[in-house]
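I have placed the structure first, in the form of structure tokens, so that the comments after it can refer back to it.
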Amino acid sequence: MIALHKLAGFDFAWLAKVISLVALPFAHEDLAIVLGGYIIVNDVMPAGLVVASIYGGMVVSDFALYGVGAAARSLPWLRNIAVDQRVRQFSDVLTRNIFGLVALCRLVPGLVFVAFVACGWARVSLARFTAASLLVSAVYLSPMLYLVIVFGDALDNHLGLWAWPVLLLALAAAGFVRERVLAFSERVGTDDTEVGVRSLLRRRMTSIVPARGARRPRALIERIPSWLVHLPLVAHWIVLAIKHRSLTLPSVANPAIPAGGMWGESKSKCLASVSGDMRESVVDFVVLKRRVEPSTLGLDVNRALGLLEAAKIPFPIIARPDVGWYGRGVLTLEGPAALQQYLSRFPGGAKLMLQRSLPHAVEASVLYARLPGEARGQILSFAVRRSRPVLAETGAYLSRELEARIDVIARSMPEFHYGRFEICFPSIEALAGGEDFAIVEINGIGGQLLEFGNPGLSLVKLYRRRLDHQRIAFMIGAYNRERGFAPTSAMSFIGGFLDHYQLTRRYPVSI
């Protein structure tokens with residue numbers, strides 16, 4: 001009875017917290033650290049006990065995975081579940097630097113399972129594994145828990161209980177960036193430059209995106225503030241810049257285009273660079289530079305009408321800024337009155353293109369890449385936009401004929417290796433032959449991907465694609481730097497962005 005009385009007075013809630021802190025590292029260590037920070041900040045448990053519980057859970061989870069790998073050597077059913085090609089590929093790495101591997105696993109989410117199972121599978125010394133786990137876990141836990149406590153306490157004063165979900169989301173975002181930046185699991189046993197590029201170029205990325213103006217559900221990424229969307233992309237760019245020793249290396253991915261087409265390139269010059277018989281695939285257009293003085297509006301309208309008549313381009317036409325991001329300032333003009341109104345709102349001193357309007361119902365964005373020195377390139381991404389619902393899978397839209405045609409067009413352009421083609425075509429069947437389409441715009445490395453407007457793709461997939469595109473741009477830039485092309489200076493690169501941004505803000509609103 002005395003024992004039962006003592007048991008009844010025992011604080012099981014306190015025990016549950018300890019068990020949670022020990023168990024959470026099996027699922028995710030950062031989650032355990034956030035919970036530990038919350039407990040310490042709110043004085044729920046002694047700090048020493050919190051640290052000991054999390055540390056114990058981290059070490060025990062390491063040994064559990066090691067044990068899975070060791071047991072898989074003698075248990076076929078476990079071997080089939082836990083041991084795959086990735087586990088086998090770690091053998092050489094494990095024999096060289098177990099401490100470095102354990103440290104890397106703490107930094108790269110998702111790598112720990114493969115690596116620690118591989119330790120047991122490859123018969124890594126248990127003593128070395130124990131020492132590495134004890135040391136690296138302590139080194140990782142101390143600063144991480146300290147940062148969580150400091151930032152959590154500061155946020156708690158402003159956000160209350162919302163501070164901890166926000167902090168958890170921030171750690172999850174940081175983990176996602178670490179995984180994509182290091183991408184260790186994808187590069188084991190491969191050359192980081194040539195084979196890495198070839199691996200990325202083999203990926204097919206296709207999607208369907210509703211047409212501009214069509215009613216559609218907003219993609220998740222469109223509901224997030226723009227600065228927050230681009231923060232991981234900026235961080236990834238900086239990491240790649242450090243790795244390749246150049247902040248502006250992608251500017252030579254397309255050496256013949258200013259800044260590689262990141263921003264500030266002339267769309268008309270890109271279209272005009274298509275040479276030979278391939279010019280047949282480029283839509284007819286004329287270029288007009290708007291005069292600075294507002295009083296010259298009538299002269300510019302008459303000059304535009306003369307250019308259109310000489311090129312035999314009838315109304316309706318498509319007006320498109322010569323420099324700018326995709327879709328900004330693009331309008332369909334039905335007649336001279338609409339042209340005059342558009343020119344009246346177009347910034348003085350800037351150029352615009354007036355293109356033939358095509359009665360095609362389908363538009364697509366085609367992302368193309370070719371390694372310098374390679375005989376052929378390929379389509380990486382193919383995003384279709386239509387004014388009515390699309391039922392067919394986009395994988396069926398791609399054909400060898402289409403890819404071959406795009407490749408020939410790209411190779412007709414001087415030093416064009418990576419960029420996006422905007423095309424229009426009458427039907428999927430016509431496109432499959434690789435002939436019946438017209439190019440309305442060509443962009444370099446800065447071309448926005450239409451996948452970012454696709455509500456059918458998850459946020460993780462969207463970021464994975466965008467980060468892959470950054471890696472490709474840097475790697476192709478590295479190839480061209482070795483060929484003697486010098487990247488744009490950082491000041492010119494940043495200055496070009498500021499000029500580009502200021503100019504695009506002055507364009508008429510697209511409809």
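For the structure tokens, the naming scheme is as follows: chains receive sequential letters (A, B, ...) according to their order of presentation, residues are indexed from 1 within each chain, and ligands are indexed from 1 in presentation order.
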
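All residues of segment 254-354 of chain A that DSSP, run on the backbone, classes as strand (DSSP E or B) are A:Val282, A:Phe285, A:Val286, A:Val287, A:Leu288, A:Lys289, A:Ile317, A:Ile318, A:Ala319, A:Arg320, A:Pro321, A:Leu331, A:Thr332, A:Leu333, A:Lys351, A:Leu352, A:Met353, A:Leu354.
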
task: Do a neighbour search on segment 329-336 of chain A at 6 Å with only C-alpha atoms, toss out local chain neighbours closer than 3 positions, and write the hits as an MDAnalysis selection string.
output: chainID A and resid 315:320 339 507:510

Please produce a file of those selected residues containing C-alpha atoms, as a PDB file, in the first residue's frame.
```pdb
ATOM      1  CA  PHE A 315      -3.327  43.720 -85.995  1.00  0.00           C
ATOM      2  CA  PRO A 316      -3.876  42.298 -83.454  1.00  0.00           C
ATOM      3  CA  ILE A 317      -0.272  42.324 -82.296  1.00  0.00           C
ATOM      4  CA  ILE A 318       1.623  41.465 -79.113  1.00  0.00           C
ATOM      5  CA  ALA A 319       3.518  44.301 -77.424  1.00  0.00           C
ATOM      6  CA  ARG A 320       6.428  43.098 -75.309  1.00  0.00           C
ATOM      7  CA  LEU A 339      -1.023  50.869 -79.659  1.00  0.00           C
ATOM      8  CA  TYR A 507       6.140  49.032 -67.663  1.00  0.00           C
ATOM      9  CA  PRO A 508       2.381  48.995 -68.327  1.00  0.00           C
ATOM     10  CA  VAL A 509       0.473  46.387 -66.333  1.00  0.00           C
ATOM     11  CA  SER A 510      -0.014  43.100 -68.198  1.00  0.00           C
TER      12      SER A 510
END
```

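If you measure from each of A:Leu271, A:Val51, A:Ala71, A:Ala486 to Thr248 of chain A using only C-alpha atoms, the closest one turns out to be A:Ala486.
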
message: So, with only C-alpha atoms as the atoms that count, which of A:Ala118, A:Leu367, A:Ala383, A:Ile40 lies closest to Val150 of chain A?
response: A:Ile40

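In this model, the gap between atom CA of Ser295 of chain A and atom CA of Lys267 of chain A comes to 27.2 Å.
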
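Between atom CA of Pro414 of chain A and atom CA of Arg245 of chain A the separation is 26.1 Å.
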
- prompt: Could you name the residues that touch segment 489-504 of chain A at 12 Å or less, counting only C-alpha atoms, but leaving out those on the same chain fewer than 5 positions away, as a PyMOL selection string?
  reply: chain A and resi 241+246-252+258-266+320-330+346-352+446+509-510

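The gap separating atom CA of Arg73 of chain A from atom CA of Gly56 of chain A is 26.4 Å, in Å to one decimal.
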
field: Residue set, segment 274-397 of chain A restricted to helix (DSSP H, G or I), as an MDAnalysis selection string
entry: chainID A and resid 276:281 294:310 336:345 394:396

message: Quick one: residues within 6 Å of Leu21 of chain A, only C-alpha atoms, excluding same-chain residues fewer than 5 positions away - as a PyMOL selection string?
response: chain A and resi 32+53-54

- prompt: Which one is closest to Glu293 of chain A: A:Asn254, A:Ser344, A:His244, A:Ala138? Count only C-alpha atoms.
  reply: A:Ser344
